[in-house]
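Data from query-v4.pdb: PDB, C-alpha atoms
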MODEL        1
ATOM      1  CA  MET A  48       7.628  13.224   0.230
ATOM      2  CA  HIS A  49       6.271   9.765   1.013
ATOM      3  CA  GLU A  50       6.609  10.258   4.782
ATOM      4  CA  TYR A  51       4.987  13.699   4.930
ATOM      5  CA  PRO A  52       1.316  12.603   4.996
ATOM      6  CA  VAL A  53       1.998   9.850   7.549
ATOM      7  CA  THR A  54       3.832  12.358   9.762
ATOM      8  CA  VAL A  55       0.705  14.526   9.614
ATOM      9  CA  ARG A  56      -1.328  11.489  10.793
ATOM     10  CA  ILE A  57       1.125  10.850  13.663
ATOM     11  CA  VAL A  58       0.749  14.458  14.831
ATOM     12  CA  GLU A  59      -3.067  14.230  14.503
ATOM     13  CA  ILE A  60      -3.293  10.972  16.474
ATOM     14  CA  THR A  61      -1.055  12.166  19.308
ATOM     15  CA  SER A  62      -2.602  15.667  19.420
ATOM     16  CA  GLU A  63      -5.995  14.024  19.865
ATOM     17  CA  THR A  64      -4.721  12.085  22.897
ATOM     18  CA  ALA A  65      -3.224  15.300  24.286
ATOM     19  CA  ARG A  66      -6.531  17.163  23.898
ATOM     20  CA  GLN A  67      -8.443  14.383  25.633
ATOM     21  CA  LYS A  68      -6.065  14.548  28.614
ATOM     22  CA  ARG A  69      -5.753  18.350  28.414
ATOM     23  CA  GLY A  70      -1.997  18.229  28.109
ATOM     24  CA  LYS A  71       0.961  18.910  25.864
ATOM     25  CA  VAL A  72       2.906  16.132  24.151
ATOM     26  CA  ARG A  73       6.482  15.886  25.376
ATOM     27  CA  ARG A  74       7.493  12.520  23.892
ATOM     28  CA  ILE A  75       6.024  10.183  21.277
ATOM     29  CA  ASP A  76       6.967   6.515  21.023
ATOM     30  CA  LEU A  77       6.510   5.332  17.468
ATOM     31  CA  VAL A  78       7.080   1.776  16.198
ATOM     32  CA  VAL A  79       8.287   1.477  12.596
ATOM     33  CA  GLY A  80       9.036  -1.939  11.101
ATOM     34  CA  GLU A  81      11.792  -1.892   8.486
ATOM     35  CA  ASP A  82       9.398  -3.506   6.002
ATOM     36  CA  SER A  83       6.596  -1.018   6.726
ATOM     37  CA  GLY A  84       7.776   1.041   3.761
ATOM     38  CA  PHE A  85       8.429   4.096   5.917
ATOM     39  CA  ILE A  86      11.783   5.512   6.955
ATOM     40  CA  GLY A  87      12.126   6.649  10.549
ATOM     41  CA  ASP A  88      14.752   9.295   9.708
ATOM     42  CA  SER A  89      12.469  10.832   7.127
ATOM     43  CA  ILE A  90       9.530  11.001   9.566
ATOM     44  CA  GLN A  91      11.884  12.624  12.063
ATOM     45  CA  MET A  92      12.848  15.221   9.459
ATOM     46  CA  TYR A  93       9.229  16.233   8.813
ATOM     47  CA  PHE A  94       8.103  15.998  12.415
ATOM     48  CA  ASP A  95       9.250  19.376  13.778
ATOM     49  CA  VAL A  96       7.736  21.255  10.852
ATOM     50  CA  VAL A  97       4.408  19.395  11.019
ATOM     51  CA  ALA A  98       4.206  19.668  14.825
ATOM     52  CA  GLU A  99       4.527  23.466  14.849
ATOM     53  CA  GLY A 100       1.443  25.100  16.318
ATOM     54  CA  THR A 101      -0.005  21.773  17.542
ATOM     55  CA  PRO A 102       0.030  20.180  21.040
ATOM     56  CA  CYS A 103       3.076  18.225  19.755
ATOM     57  CA  GLU A 104       5.262  21.290  19.241
ATOM     58  CA  GLY A 105       8.663  20.738  20.855
ATOM     59  CA  ALA A 106       7.969  17.060  21.588
ATOM     60  CA  LYS A 107      10.691  14.442  21.225
ATOM     61  CA  LEU A 108       9.931  11.723  18.702
ATOM     62  CA  HIS A 109      11.399   8.370  19.665
ATOM     63  CA  ILE A 110      11.349   5.744  16.929
ATOM     64  CA  GLU A 111      11.699   2.039  17.663
ATOM     65  CA  GLY A 112      12.768   0.177  14.504
ATOM     66  CA  ILE A 113      11.901  -3.500  14.064
ATOM     67  CA  LYS A 114      13.902  -5.866  11.858
ATOM     68  CA  PRO A 115      11.791  -8.067   9.571
ATOM     69  CA  GLN A 116      11.782 -11.784  10.247
ATOM     70  CA  LEU A 117      10.929 -14.774   8.105
ATOM     71  CA  ARG A 118       9.522 -18.016   9.527
ATOM     72  CA  CYS A 119      11.039 -21.294   8.387
ATOM     73  CA  GLU A 120       8.449 -23.600   6.849
ATOM     74  CA  SER A 121      10.434 -26.674   7.961
ATOM     75  CA  CYS A 122      11.632 -26.013  11.516
ATOM     76  CA  GLY A 123       9.334 -23.079  12.403
ATOM     77  CA  LYS A 124      12.157 -20.852  13.634
ATOM     78  CA  TYR A 125      12.190 -17.117  12.957
ATOM     79  CA  PHE A 126      15.196 -15.498  11.285
ATOM     80  CA  GLU A 127      16.372 -12.378   9.454
ATOM     81  CA  ARG A 128      16.554 -12.645   5.662
ATOM     82  CA  LYS A 129      19.855 -12.296   3.856
ATOM     83  CA  ARG A 130      20.039 -10.558   0.485
ATOM     84  CA  PHE A 131      18.665 -12.638  -2.419
ATOM     85  CA  SER A 132      17.982 -15.565  -0.093
ATOM     86  CA  PHE A 133      15.082 -17.015   1.874
ATOM     87  CA  GLN A 134      17.115 -19.858   3.362
ATOM     88  CA  CYS A 135      16.795 -20.733   7.047
ATOM     89  CA  PRO A 136      20.211 -20.478   8.790
ATOM     90  CA  PHE A 137      19.219 -23.246  11.261
ATOM     91  CA  CYS A 138      18.042 -26.071   8.993
ATOM     92  CA  GLY A 139      18.452 -24.831   5.391
ATOM     93  CA  GLY A 140      14.678 -24.866   4.825
ATOM     94  CA  ASP A 141      12.632 -22.141   3.130
ATOM     95  CA  GLY A 142      11.438 -19.050   4.966
ATOM     96  CA  GLU A 143       8.090 -17.356   4.423
ATOM     97  CA  PRO A 144       7.154 -13.732   5.178
ATOM     98  CA  THR A 145       5.621 -12.827   8.549
ATOM     99  CA  GLU A 146       4.062  -9.687  10.004
ATOM    100  CA  ILE A 147       7.239  -9.001  12.012
ATOM    101  CA  GLY A 148       8.853  -5.925  10.501
ATOM    102  CA  LYS A 149       5.667  -4.439   9.016
ATOM    103  CA  GLU A 150       4.587  -2.601  12.206
ATOM    104  CA  PHE A 151       3.663   1.054  11.948
ATOM    105  CA  TYR A 152       1.857   2.500  14.949
ATOM    106  CA  VAL A 153       1.960   5.056  17.738
ATOM    107  CA  LYS A 154       2.700   3.102  20.901
ATOM    108  CA  SER A 155       2.438   5.766  23.602
ATOM    109  CA  VAL A 156       2.888   9.427  24.459
ATOM    110  CA  GLU A 157       4.237  11.311  27.444
ATOM    111  CA  LEU A 158       2.153  14.335  28.301
ATOM    112  CA  GLU A 159       2.676  17.412  30.413
ATOM    113  CA  VAL A 160      -0.642  17.948  32.173
ATOM    114  CA  GLU A 161      -1.908  20.879  34.280
ATOM    115  CA  ASP A 162      -2.550  19.941  37.932
ATOM    116  CA  GLU A 163      -6.210  20.050  38.863
ATOM    117  CA  PHE A 164      -6.922  21.896  42.137
ATOM    118  CA  PRO A 165     -10.197  21.217  43.953
ATOM    119  CA  SER A 166     -12.552  24.190  43.640
ATOM    120  CA  ALA A 167     -13.516  26.317  46.670
ATOM    121  CA  ASN A 168     -17.053  24.868  46.679
ATOM    122  CA  ALA A 169     -15.798  21.299  46.573
ATOM    123  CA  SER A 170     -13.407  21.820  49.536
ATOM    124  CA  SER A 171     -16.013  23.514  51.761
ATOM    125  CA  SER A 172     -18.609  20.765  51.442
TER     126      SER A 172
ATOM    127  CA  MET B 210       2.112  20.614  36.217
ATOM    128  CA  HIS B 211       2.923  16.907  36.056
ATOM    129  CA  MET B 212       3.987  14.331  33.511
ATOM    130  CA  MET B 213       1.911  11.337  32.550
ATOM    131  CA  LYS B 214       2.264   8.492  30.077
ATOM    132  CA  ALA B 215      -0.690   7.439  27.907
ATOM    133  CA  ASP B 216      -0.875   4.289  25.794
ATOM    134  CA  VAL B 217      -2.053   5.079  22.270
ATOM    135  CA  MET B 218      -1.579   1.896  20.182
ATOM    136  CA  VAL B 219      -3.100   3.411  17.043
ATOM    137  CA  ASP B 220      -2.115   2.135  13.606
ATOM    138  CA  ILE B 221      -1.053   5.021  11.362
ATOM    139  CA  HIS B 222      -3.007   3.428   8.496
ATOM    140  CA  ALA B 223      -6.222   3.061  10.540
ATOM    141  CA  ARG B 224      -8.000   6.058   9.002
ATOM    142  CA  ASN B 225      -6.948   5.149   5.456
ATOM    143  CA  ASN B 226      -8.142   1.583   6.044
ATOM    144  CA  HIS B 227     -11.462   2.798   7.404
ATOM    145  CA  ILE B 228     -12.070   4.869   4.249
ATOM    146  CA  ALA B 229     -10.902   1.920   2.111
ATOM    147  CA  GLU B 230     -13.590  -0.242   3.737
ATOM    148  CA  HIS B 231     -16.171   2.382   2.859
ATOM    149  CA  VAL B 232     -14.975   2.447  -0.779
ATOM    150  CA  HIS B 233     -15.188  -1.326  -0.912
ATOM    151  CA  GLU B 234     -18.724  -1.379   0.503
ATOM    152  CA  TYR B 235     -19.863   1.351  -1.901
ATOM    153  CA  LEU B 236     -18.568  -0.604  -4.908
ATOM    154  CA  ALA B 237     -19.792  -3.984  -3.653
ATOM    155  CA  LYS B 238     -23.326  -2.598  -3.289
ATOM    156  CA  ARG B 239     -23.197  -1.712  -6.982
ATOM    157  CA  HIS B 240     -21.700  -5.120  -7.885
ATOM    158  CA  VAL B 241     -18.448  -3.516  -9.016
ATOM    159  CA  PHE B 242     -15.299  -5.572  -8.473
ATOM    160  CA  ALA B 243     -12.200  -3.414  -7.940
ATOM    161  CA  VAL B 244      -8.698  -4.228  -9.172
ATOM    162  CA  ASN B 245      -5.725  -2.225  -7.867
ATOM    163  CA  LEU B 246      -3.274  -2.232 -10.793
ATOM    164  CA  MET B 247       0.281  -1.717  -9.559
ATOM    165  CA  GLY B 248       3.663  -1.699 -11.288
ATOM    166  CA  ALA B 249       6.799   0.291 -12.044
ATOM    167  CA  PRO B 250       6.695   3.147 -14.572
ATOM    168  CA  GLY B 251       6.804   1.716 -18.086
ATOM    169  CA  ALA B 252       5.921  -1.861 -17.068
ATOM    170  CA  GLY B 253       2.858  -1.634 -19.312
ATOM    171  CA  LYS B 254      -0.003  -0.981 -16.906
ATOM    172  CA  THR B 255      -2.186   1.007 -19.312
ATOM    173  CA  THR B 256      -1.514  -1.417 -22.175
ATOM    174  CA  THR B 257      -2.471  -4.299 -19.906
ATOM    175  CA  LEU B 258      -5.639  -2.518 -18.914
ATOM    176  CA  GLU B 259      -6.614  -2.006 -22.559
ATOM    177  CA  ASN B 260      -5.951  -5.662 -23.339
ATOM    178  CA  LEU B 261      -7.803  -7.018 -20.309
ATOM    179  CA  LEU B 262     -10.857  -4.869 -21.084
ATOM    180  CA  LYS B 263     -10.965  -6.351 -24.602
ATOM    181  CA  HIS B 264     -11.238  -9.871 -23.200
ATOM    182  CA  LEU B 265     -13.445  -9.333 -20.160
ATOM    183  CA  GLY B 266     -16.818  -9.162 -21.835
ATOM    184  CA  VAL B 267     -18.272  -7.289 -18.854
ATOM    185  CA  ARG B 268     -18.631  -3.582 -18.211
ATOM    186  CA  GLY B 269     -15.253  -1.992 -17.466
ATOM    187  CA  TYR B 270     -14.619   1.126 -15.400
ATOM    188  CA  VAL B 271     -11.246   2.860 -15.053
ATOM    189  CA  ILE B 272      -9.594   5.256 -12.626
ATOM    190  CA  GLU B 273      -6.194   6.517 -13.757
ATOM    191  CA  GLY B 274      -3.736   7.569 -11.063
ATOM    192  CA  ASP B 275      -0.778   9.707 -12.060
ATOM    193  CA  ILE B 276       1.385  12.299 -10.397
ATOM    194  CA  GLU B 277       0.591  14.733 -13.194
ATOM    195  CA  SER B 278      -1.032  14.746 -16.642
ATOM    196  CA  ASP B 279      -4.041  12.933 -18.110
ATOM    197  CA  ILE B 280      -2.194  11.299 -21.007
ATOM    198  CA  ASP B 281      -3.408   7.792 -20.121
ATOM    199  CA  THR B 282      -6.996   8.900 -19.539
ATOM    200  CA  GLU B 283      -7.093  10.612 -22.940
ATOM    201  CA  ARG B 284      -5.559   7.523 -24.527
ATOM    202  CA  LEU B 285      -8.370   5.387 -23.067
ATOM    203  CA  ARG B 286     -11.101   7.889 -23.955
ATOM    204  CA  LYS B 287     -10.019   7.732 -27.611
ATOM    205  CA  GLN B 288     -10.861   4.032 -27.436
ATOM    206  CA  GLN B 289     -14.302   4.792 -25.955
ATOM    207  CA  ILE B 290     -13.174   3.608 -22.505
ATOM    208  CA  ALA B 291     -14.609   5.876 -19.802
ATOM    209  CA  ALA B 292     -11.835   6.796 -17.400
ATOM    210  CA  SER B 293     -11.651   9.109 -14.420
ATOM    211  CA  GLN B 294      -8.366  10.875 -13.625
ATOM    212  CA  ILE B 295      -6.704  11.309 -10.244
ATOM    213  CA  ASN B 296      -3.602  13.502 -10.099
ATOM    214  CA  THR B 297      -1.637  13.145  -6.882
ATOM    215  CA  PHE B 298       0.631  16.162  -7.583
ATOM    216  CA  GLY B 299       3.770  14.688  -6.102
ATOM    217  CA  ALA B 300       2.442  11.846  -3.973
ATOM    218  CA  CYS B 301       3.895   8.514  -5.035
ATOM    219  CA  HIS B 302       0.780   6.345  -4.592
ATOM    220  CA  LEU B 303      -2.999   6.459  -4.453
ATOM    221  CA  ASP B 304      -4.648   6.312  -1.055
ATOM    222  CA  ALA B 305      -8.215   5.571   0.003
ATOM    223  CA  PRO B 306      -9.396   9.224   0.381
ATOM    224  CA  LEU B 307      -8.306   9.990  -3.217
ATOM    225  CA  VAL B 308     -10.133   6.948  -4.576
ATOM    226  CA  HIS B 309     -13.147   7.724  -2.395
ATOM    227  CA  ASN B 310     -13.453  11.166  -4.012
ATOM    228  CA  ALA B 311     -13.023   9.700  -7.491
ATOM    229  CA  ILE B 312     -15.711   6.995  -7.174
ATOM    230  CA  HIS B 313     -18.241   9.567  -6.037
ATOM    231  CA  THR B 314     -17.831  11.413  -9.349
ATOM    232  CA  MET B 315     -18.453   8.227 -11.365
ATOM    233  CA  GLN B 316     -21.625   6.519 -12.489
ATOM    234  CA  PHE B 317     -21.745   2.755 -11.981
ATOM    235  CA  GLU B 318     -24.866   1.973 -14.005
ATOM    236  CA  GLU B 319     -24.314  -1.757 -14.207
ATOM    237  CA  PRO B 320     -22.235  -4.501 -12.559
ATOM    238  CA  GLY B 321     -18.662  -4.615 -13.814
ATOM    239  CA  ILE B 322     -14.969  -4.452 -13.056
ATOM    240  CA  LEU B 323     -13.212  -1.262 -11.982
ATOM    241  CA  PHE B 324      -9.502  -1.018 -12.740
ATOM    242  CA  ILE B 325      -7.686   1.518 -10.585
ATOM    243  CA  GLU B 326      -4.313   2.163 -12.199
ATOM    244  CA  ASN B 327      -1.995   3.203  -9.413
ATOM    245  CA  VAL B 328       0.914   5.620  -9.746
ATOM    246  CA  GLY B 329       3.871   3.947 -11.493
ATOM    247  CA  ASN B 330       5.906   2.730  -8.537
ATOM    248  CA  LEU B 331       6.851  -0.688  -7.183
ATOM    249  CA  VAL B 332       7.147   0.423  -3.565
ATOM    250  CA  CYS B 333       4.462   2.615  -2.020
ATOM    251  CA  PRO B 334       1.234   1.448  -3.742
ATOM    252  CA  ALA B 335       1.598  -1.942  -1.998
ATOM    253  CA  GLU B 336       1.409  -0.259   1.399
ATOM    254  CA  PHE B 337      -1.950   1.466   0.999
ATOM    255  CA  SER B 338      -5.304  -0.224   0.751
ATOM    256  CA  ILE B 339      -7.633   1.683  -1.582
ATOM    257  CA  GLY B 340     -10.741  -0.477  -1.181
ATOM    258  CA  GLU B 341      -9.787  -2.989  -3.863
ATOM    259  CA  ASP B 342     -10.907  -6.621  -4.083
ATOM    260  CA  ILE B 343      -7.598  -7.732  -5.580
ATOM    261  CA  LYS B 344      -4.144  -6.340  -6.256
ATOM    262  CA  LEU B 345      -2.798  -6.977  -9.748
ATOM    263  CA  LEU B 346       0.965  -6.627 -10.039
ATOM    264  CA  GLN B 347       2.334  -5.831 -13.470
ATOM    265  CA  VAL B 348       6.039  -6.532 -14.033
ATOM    266  CA  SER B 349       7.924  -6.809 -17.287
ATOM    267  CA  VAL B 350      10.934  -8.826 -18.414
ATOM    268  CA  THR B 351      12.819  -5.579 -19.015
ATOM    269  CA  ASP B 352      12.423  -4.678 -15.306
ATOM    270  CA  GLY B 353      14.806  -7.543 -14.446
ATOM    271  CA  SER B 354      14.320 -10.895 -12.711
ATOM    272  CA  ASP B 355      15.600  -9.664  -9.326
ATOM    273  CA  LYS B 356      12.501  -7.579  -8.603
ATOM    274  CA  PRO B 357      10.822 -10.002  -6.117
ATOM    275  CA  TYR B 358      13.992  -9.853  -4.008
ATOM    276  CA  LYS B 359      14.300  -6.080  -4.176
ATOM    277  CA  TYR B 360      10.628  -5.136  -3.779
ATOM    278  CA  PRO B 361       9.238  -8.039  -1.725
ATOM    279  CA  LEU B 362       6.103  -6.338  -0.378
ATOM    280  CA  ALA B 363       4.522  -5.762  -3.802
ATOM    281  CA  PHE B 364       4.989  -9.440  -4.665
ATOM    282  CA  GLU B 365       3.847 -10.636  -1.251
ATOM    283  CA  LYS B 366       0.599  -8.684  -1.426
ATOM    284  CA  ALA B 367      -0.300  -9.398  -5.061
ATOM    285  CA  ASP B 368      -3.319 -11.601  -5.841
ATOM    286  CA  ILE B 369      -2.355 -11.979  -9.507
ATOM    287  CA  ILE B 370       0.935 -11.224 -11.274
ATOM    288  CA  LEU B 371       1.329 -10.442 -14.984
ATOM    289  CA  LEU B 372       4.769 -10.764 -16.512
ATOM    290  CA  ASN B 373       4.689  -8.468 -19.536
ATOM    291  CA  LYS B 374       6.839  -8.026 -22.663
ATOM    292  CA  VAL B 375       7.548 -11.771 -22.934
ATOM    293  CA  ASP B 376       8.042 -11.225 -26.692
ATOM    294  CA  LEU B 377      11.378  -9.630 -25.657
ATOM    295  CA  LEU B 378      12.609 -12.706 -23.754
ATOM    296  CA  PRO B 379      15.058 -13.762 -26.513
ATOM    297  CA  TYR B 380      16.754 -10.340 -26.323
ATOM    298  CA  VAL B 381      17.086  -9.728 -22.566
ATOM    299  CA  ASP B 382      18.841 -11.581 -19.744
ATOM    300  CA  PHE B 383      15.752 -12.438 -17.759
ATOM    301  CA  ASP B 384      16.252 -15.435 -15.460
ATOM    302  CA  GLU B 385      12.743 -16.844 -15.200
ATOM    303  CA  THR B 386      13.676 -19.580 -12.687
ATOM    304  CA  PHE B 387      15.255 -17.021 -10.333
ATOM    305  CA  PHE B 388      12.218 -14.739 -10.768
ATOM    306  CA  MET B 389       9.696 -17.504 -10.000
ATOM    307  CA  HIS B 390      11.796 -18.796  -7.092
ATOM    308  CA  GLY B 391      11.612 -15.324  -5.486
ATOM    309  CA  ILE B 392       7.869 -15.015  -6.058
ATOM    310  CA  ARG B 393       7.045 -18.432  -4.626
ATOM    311  CA  HIS B 394       8.864 -17.701  -1.387
ATOM    312  CA  LEU B 395       6.879 -14.538  -0.920
ATOM    313  CA  ASN B 396       3.556 -15.626  -2.323
ATOM    314  CA  LYS B 397       2.347 -19.181  -2.837
ATOM    315  CA  LYS B 398      -1.095 -18.412  -4.224
ATOM    316  CA  ALA B 399      -0.880 -15.676  -6.853
ATOM    317  CA  PRO B 400      -1.000 -17.038 -10.412
ATOM    318  CA  VAL B 401       1.631 -15.650 -12.794
ATOM    319  CA  PHE B 402       0.460 -15.015 -16.378
ATOM    320  CA  LYS B 403       2.965 -14.376 -19.130
ATOM    321  CA  VAL B 404       1.628 -11.672 -21.429
ATOM    322  CA  SER B 405       2.747  -9.407 -24.228
ATOM    323  CA  GLY B 406       1.285  -5.987 -24.872
ATOM    324  CA  LYS B 407       2.875  -6.177 -28.311
ATOM    325  CA  THR B 408       1.336  -9.447 -29.511
ATOM    326  CA  GLY B 409      -1.631  -9.650 -27.146
ATOM    327  CA  GLU B 410      -0.748 -13.152 -25.983
ATOM    328  CA  GLY B 411      -1.708 -14.305 -22.498
ATOM    329  CA  TYR B 412      -4.356 -11.641 -21.800
ATOM    330  CA  ALA B 413      -7.345 -13.884 -22.526
ATOM    331  CA  GLU B 414      -6.223 -16.286 -19.790
ATOM    332  CA  ALA B 415      -5.506 -13.488 -17.294
ATOM    333  CA  ALA B 416      -8.890 -11.853 -18.022
ATOM    334  CA  ALA B 417     -10.657 -15.206 -17.527
ATOM    335  CA  TRP B 418      -9.010 -15.576 -14.100
ATOM    336  CA  ILE B 419     -10.083 -12.051 -13.039
ATOM    337  CA  LYS B 420     -13.597 -12.602 -14.344
ATOM    338  CA  GLN B 421     -13.956 -15.822 -12.412
ATOM    339  CA  ARG B 422     -12.569 -14.222  -9.253
ATOM    340  CA  ALA B 423     -15.041 -11.359  -9.677
ATOM    341  CA  GLY B 424     -17.899 -13.834  -9.913
ATOM    342  CA  PHE B 425     -18.976 -13.066 -13.485
TER     343      PHE B 425
ENDMDL
END
Would you kindly transcribe this structure into structure tokens?
Amino acid sequence: MHEYPVTVRIVEITSETARQKRGKVRRIDLVVGEDSGFIGDSIQMYFDVVAEGTPCEGAKLHIEGIKPQLRCESCGKYFERKRFSFQCPFCGGDGEPTEIGKEFYVKSVELEVEDEFPSANASSS
Amino acid sequence: MHMMKADVMVDIHARNNHIAEHVHEYLAKRHVFAVNLMGAPGAGKTTTLENLLKHLGVRGYVIEGDIESDIDTERLRKQQIAASQINTFGACHLDAPLVHNAIHTMQFEEPGILFIENVGNLVCPAEFSIGEDIKLLQVSVTDGSDKPYKYPLAFEKADIILLNKVDLLPYVDFDETFFMHGIRHLNKKAPVFKVSGKTGEGYAEAAAWIKQRAGF
């Protein structure tokens, strides 16, 4: 349920790009951080249904997941958090949250676009 | 026919955030300070709201968010607290368009504080901006002391945290040190107020903090 409205937004955003370029969407590259609160598999499940009848119909949705990272307040290194712990594996210091792992955006699309042929008038001039 | 690649780089939340900014501007113009009240079902959000309103001494406005029913809104109306109801019909959180529609049905005659009680949920409400000035996280000792570790985003994003039902501390295994340790790793700034909906303790202090933050 939670992923349905965001899947609608993904289809809207990519359909808009397709309309601007007068093409059909063949592939969408989506970036979903594991701490974004959204599950890639669930978006995938809704995608085909939502895309029906839009320029995204039949497109392949490719999801790049990003593991969250904490930043150590002592040594400044980035690391992945273990369950129930914020401890830095390098120096034993304390880690603080970062923006890494909260990403949620459409990176790019691949479009199938009609070839444009020069008109008769344009070629004769 | 040929293939082409186009960079998009559009945040999925961009439209929601744009509407949230509009909500915030609309309220700010009317000198209304907005509090996004988040917490798990049964943590005591509505009770907290009632108690805070008693201590604020400024005009209070309320939007109640629930999946279904207007039980909380009716409960507040019986106490002469004007509340507007949003039903999400299945959606697990409030978003900016829903709040935008609700504020346009309300009258903000004088400066005050608007409490927007989010849908009972410790996950999704933290992900959506609804035009609030601050996020108030309501947790209770019966929820368990491991919550900051299990639901980090809500704790990370909170501006103020209320730990409710502290009158039950002698009867439950709530490890306060473990709880505070988790919070402080995620969030160094948010004050934590210990309150009890049963006895009313702690709410005067929490209300004073909100009032000061709101500039009253």
Task: Check: which chain B residues lie within 8 Å of chain A using all atoms listed in the file, as a count of residues only - done: 24
Open item on the list: Using only C-alpha atoms for the distances, tell me which of A:Val79, A:Ile110, A:Ile86, A:Phe137 is nearest to Lys124 in chain A.
Closed with: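 Using only C-alpha atoms, Lys124 in chain A sits closest to A:Phe137.
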- [ ] List the neighbours of Asn296 in chain B out to 12 Å using all atoms listed in the file; skip same-chain residues closer than 5 positions along the sequence, and give me the result as a list of chain:residue names.
- [x] B:Ile272, B:Glu273, B:Gly274, B:Asp275, B:Ile276, B:Glu277, B:Ser278, B:Asp279, B:Ile280, B:Asp281, B:Thr282, B:Cys301, B:His302, B:Leu303, B:Asp304, B:Leu307, B:Val308, B:Asn310, B:Ala311, B:Glu326, B:Asn327, B:Val328
As lines of an AutoDock Vina configuration file: centre and edge lengths in Å, one decimal, of the axis-aligned box holding range 122-133 of chain A with 4 Å per side:
center_x = 14.7
center_y = -18.3
center_z = 5.6
size_x = 18.7
size_y = 23.5
size_z = 24.1
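Counting from CA of Gly251 in chain B, the distance to CA of Gln288 in chain B is 20.1 Å.
Using all atoms listed in the file, the shortest contact distance between Thr257 in chain B and any of B:Val348, B:Ala417, B:Ile392, B:Val401 is found at B:Val348.
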Task: Long-range neighbours of Ile322 in chain B as a ChimeraX atom specification, 6 Å cut-off, all atoms listed in the file, 4 positions minimum in chain - done: /B:241-243,269
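Interatomic distance, CA of Ser354 in chain B to CA of Phe388 in chain B: 4.8 Å.
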Answer key for the PyMOL selection byres ((chain B and resi 340-346) around 7), residues as a short mmCIF file (atom, residue, chain, number, x, y, z; two decimals) with C-alpha atoms, in the frame of the given file:
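Final file, result13.cif:
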data_model
loop_
_atom_site.label_atom_id
_atom_site.label_comp_id
_atom_site.auth_asym_id
_atom_site.auth_seq_id
_atom_site.Cartn_x
_atom_site.Cartn_y
_atom_site.Cartn_z
CA ALA B 229 -10.90 1.92 2.11
CA GLU B 230 -13.59 -0.24 3.74
CA VAL B 232 -14.98 2.45 -0.78
CA HIS B 233 -15.19 -1.33 -0.91
CA PHE B 242 -15.30 -5.57 -8.47
CA ALA B 243 -12.20 -3.41 -7.94
CA VAL B 244 -8.70 -4.23 -9.17
CA ASN B 245 -5.72 -2.22 -7.87
CA LEU B 246 -3.27 -2.23 -10.79
CA MET B 247 0.28 -1.72 -9.56
CA GLY B 248 3.66 -1.70 -11.29
CA ALA B 305 -8.22 5.57 0.00
CA SER B 338 -5.30 -0.22 0.75
CA ILE B 339 -7.63 1.68 -1.58
CA GLN B 347 2.33 -5.83 -13.47
CA VAL B 348 6.04 -6.53 -14.03
CA ALA B 367 -0.30 -9.40 -5.06
CA ASP B 368 -3.32 -11.60 -5.84
CA ILE B 369 -2.36 -11.98 -9.51
CA ILE B 370 0.94 -11.22 -11.27
CA LEU B 371 1.33 -10.44 -14.98
#
Task: Distance criterion (all atoms listed in the file): nearest to Ile419 in chain B out of B:Val381, B:Lys356, B:Ala399, B:Phe317 - done: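 Of B:Val381, B:Lys356, B:Ala399, B:Phe317, the one nearest Ile419 in chain B is B:Ala399, counting all atoms listed in the file.
Interatomic distance, CA of Gly112 in chain A to CA of Gly80 in chain A: 5.5 Å.
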TODO: Find the spatial neighbours of Glu410 in chain B, counting all atoms listed in the file, within a cut-off of 10 Å - ignore same-chain residues fewer than 3 positions away - and output them as number ranges by chain.
DONE: B: 260, 373-376, 402-407, 413-415
Task: From A:Glu111, A:Ile147, A:Phe94, A:Gly100, residue lying nearest Phe126 in chain A [only C-alpha atoms] - done: A:Ile147
Task: From B:Leu261, B:Tyr235, B:Gly266, B:Phe337, residue lying nearest Ala223 in chain B [only C-alpha atoms] - done: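 Going through B:Leu261, B:Tyr235, B:Gly266, B:Phe337 one by one, the smallest distance to Ala223 in chain B is for B:Phe337.
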Open item on the list: Ranking B:Ala237, B:Val350, B:Leu377, B:Leu323 by minimum distance to Val267 in chain B and counting all atoms listed in the file, which one comes first?
Closed with: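 Checking each candidate against Val267 in chain B, we get B:Leu323 as the closest.
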Can I get range 417-423 of chain B with N, CA and C atoms filled in, as a short mmCIF file (atom, residue, chain, number, x, y, z; two decimals), in the frame of the given file?
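Result file result19.cif:
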data_model
loop_
_atom_site.label_atom_id
_atom_site.label_comp_id
_atom_site.auth_asym_id
_atom_site.auth_seq_id
_atom_site.Cartn_x
_atom_site.Cartn_y
_atom_site.Cartn_z
N ALA B 417 -9.75 -14.13 -17.97
CA ALA B 417 -10.66 -15.21 -17.53
C ALA B 417 -10.50 -15.44 -16.02
N TRP B 418 -9.26 -15.38 -15.55
CA TRP B 418 -9.01 -15.58 -14.10
C TRP B 418 -9.68 -14.46 -13.30
N ILE B 419 -9.51 -13.21 -13.76
CA ILE B 419 -10.08 -12.05 -13.04
C ILE B 419 -11.61 -12.14 -13.04
N LYS B 420 -12.14 -12.51 -14.19
CA LYS B 420 -13.60 -12.60 -14.34
C LYS B 420 -14.18 -13.65 -13.38
N GLN B 421 -13.49 -14.76 -13.31
CA GLN B 421 -13.96 -15.82 -12.41
C GLN B 421 -13.86 -15.36 -10.96
N ARG B 422 -12.77 -14.72 -10.62
CA ARG B 422 -12.57 -14.22 -9.25
C ARG B 422 -13.63 -13.19 -8.90
N ALA B 423 -14.03 -12.40 -9.90
CA ALA B 423 -15.04 -11.36 -9.68
C ALA B 423 -16.46 -11.93 -9.61
#
